[in-house]
Amino acid sequence: SLPNPLSALPWNVKKDQEKERRRLRTESATLHRELGLAEDATFEEIQEVVGKMIMKAESEGDIKKKIKVEIAKDKLMQIKLKERLAGLATLTEDAKAQSRLEEADEDDEDLFPEDKPSREFKLPGFLDIIRKPDEKWRNKQLKVFGTMTLLCWILPPMAEKIMMINWLFAAGQVGRRGMSDNIEGDFNPYEGKRTKPHQRTAIFLAGFVWLCLKVWVGLLGNVKMAFGARYAVVVEATLMNLGLGLFTAFAQTFKG
């Protein structure tokens, strides 16, 4: 199957990491119960208990039980290794004390802040413009591009004209996102000298996305004729509005 291009997004990466943590904890707890071990058992304790169980199984001639214990032990050790690699292993008392000291130092640094590099996760290159939309922004894009699409279906002759200007709405939405609500004070993406770099980037990206969508819908062939020749352009406009709506929902060029 094809890889999911959205899996690299920070909120999806965090979700996958949490899912893996839960899976490891559940499997580890099950294996501990099978071997009669406490969940915080050390490596030496695991070796001692498992060794006794294997010796008992051998003395009883129970080969199946011996194999089952060995398999459970191997799985448990693999999980502990994964937990250590992922930073999920339980801290020792010394490590906990060190963590408390570090937290105290961080509290002191908060009182006397210094310039430090940001720890915020950043996507590489042009993917840095991707921002997960909140409900308000998502609904706004549904309203803008949904209204244009509805107009195309009500008045099919308008579809071609709407297709020629919908990228301007996309550019305005992307260039506006993240800025203050004072429109008169800081925004006009087509105002010439007052146009800011992030707004010019929004215009360029919207035009590029529009061009890619235009080429794509042009290659659809008979798919556009699903509702008859009269609505072929309407189908094109609908698909382009959908693509531009997704673009504006997730894109933000303003870095403030």
# chains A, B, ... in the order shown; residues from 1 in each chain; ligands from 1

call {"tool": "residues_around", "arguments": {"residues": "Ile67 of chain A", "least_positions_apart": "4", "cutoff": "12 Å", "atoms": "only C-alpha atoms", "output": "ChimeraX atom specification"}}
result
/A:50,53-55,57-58,61-63,71-74

call {"tool": "residues_around", "arguments": {"residues": "Val217 of chain A", "least_positions_apart": "3", "cutoff": "6 Å", "atoms": "only C-alpha atoms", "output": "MDAnalysis selection string"}}
result
chainID A and resid 214 220 236

call {"tool": "write_last_selection", "arguments": {"atoms": "N, CA, C and O atoms", "output": "short mmCIF file (atom, residue, chain, number, x, y, z; two decimals), in the first residue's frame"}}
result
data_model
loop_
_atom_site.label_atom_id
_atom_site.label_comp_id
_atom_site.auth_asym_id
_atom_site.auth_seq_id
_atom_site.Cartn_x
_atom_site.Cartn_y
_atom_site.Cartn_z
N LYS A 214 -5.93 22.55 -12.29
CA LYS A 214 -6.47 22.75 -13.64
C LYS A 214 -5.98 21.68 -14.59
O LYS A 214 -6.74 21.14 -15.41
N LEU A 220 -9.20 14.32 -16.65
CA LEU A 220 -10.20 13.38 -16.14
C LEU A 220 -11.06 12.75 -17.23
O LEU A 220 -11.71 11.73 -16.99
N GLU A 236 -15.71 20.30 -12.96
CA GLU A 236 -14.32 20.79 -12.88
C GLU A 236 -14.19 21.82 -11.76
O GLU A 236 -13.26 21.78 -10.95
#

call {"tool": "atom_distance", "arguments": {"atom1": "atom CA of Glu83 of chain A", "atom2": "atom CA of Ser28 of chain A"}}
result
10.0 Å

call {"tool": "closest_residue", "arguments": {"among": "A:Arg200, A:Thr248, A:Glu135, A:Gly228", "to": "Gln173 of chain A", "atoms": "only C-alpha atoms"}}
result
A:Thr248

call {"tool": "residues_around", "arguments": {"residues": "Met240 of chain A", "least_positions_apart": "6", "cutoff": "10 Å", "atoms": "only C-alpha atoms", "output": "ChimeraX atom specification"}}
result
/A:145,149,163,166-167,209-214,216-217,234,246

call {"tool": "closest_residue", "arguments": {"among": "A:Arg21, A:Ala229, A:Glu27, A:Gly51", "to": "Leu85 of chain A", "atoms": "only C-alpha atoms"}}
result
A:Arg21

call {"tool": "atom_distance", "arguments": {"atom1": "atom CA of Pro133 of chain A", "atom2": "atom CA of Phe250 of chain A"}}
result
5.9 Å

call {"tool": "residues_around", "arguments": {"residues": "Leu151 of chain A", "least_positions_apart": "4", "cutoff": "12 Å", "atoms": "only C-alpha atoms", "output": "tab-separated table (two decimals) with C-alpha atoms, in the first residue's frame"}}
result
chain	number	residue	atom	x	y	z
A	143	LYS	CA	-18.35	28.42	3.78
A	144	VAL	CA	-16.14	30.24	1.24
A	145	PHE	CA	-15.54	27.40	-1.21
A	146	GLY	CA	-18.88	25.72	-0.53
A	147	THR	CA	-20.69	28.93	-1.50
A	155	LEU	CA	-25.87	28.86	-12.34
A	156	PRO	CA	-23.74	26.57	-14.55
A	157	PRO	CA	-22.70	29.42	-16.92
A	158	MET	CA	-20.94	31.04	-13.94
A	159	ALA	CA	-18.74	27.99	-13.29
A	160	GLU	CA	-16.03	28.91	-15.78
A	161	LYS	CA	-15.79	32.47	-14.44
A	162	ILE	CA	-15.60	31.22	-10.85
A	163	MET	CA	-12.82	28.81	-11.84
A	234	VAL	CA	-19.37	22.58	-13.05
A	237	ALA	CA	-15.09	23.82	-10.73
A	238	THR	CA	-16.31	21.59	-7.87
A	241	ASN	CA	-12.81	24.29	-5.21

call {"tool": "atom_distance", "arguments": {"atom1": "atom CA of Ile79 of chain A", "atom2": "atom CA of Gly36 of chain A"}}
result
16.7 Å

call {"tool": "closest_residue", "arguments": {"among": "A:Ala29, A:Leu142, A:Leu24, A:Ile129", "to": "Arg84 of chain A", "atoms": "only C-alpha atoms"}}
result
A:Leu24

call {"tool": "closest_residue", "arguments": {"among": "A:Ala232, A:Leu242, A:Val69, A:Ile46", "to": "Ala170 of chain A", "atoms": "only C-alpha atoms"}}
result
A:Leu242
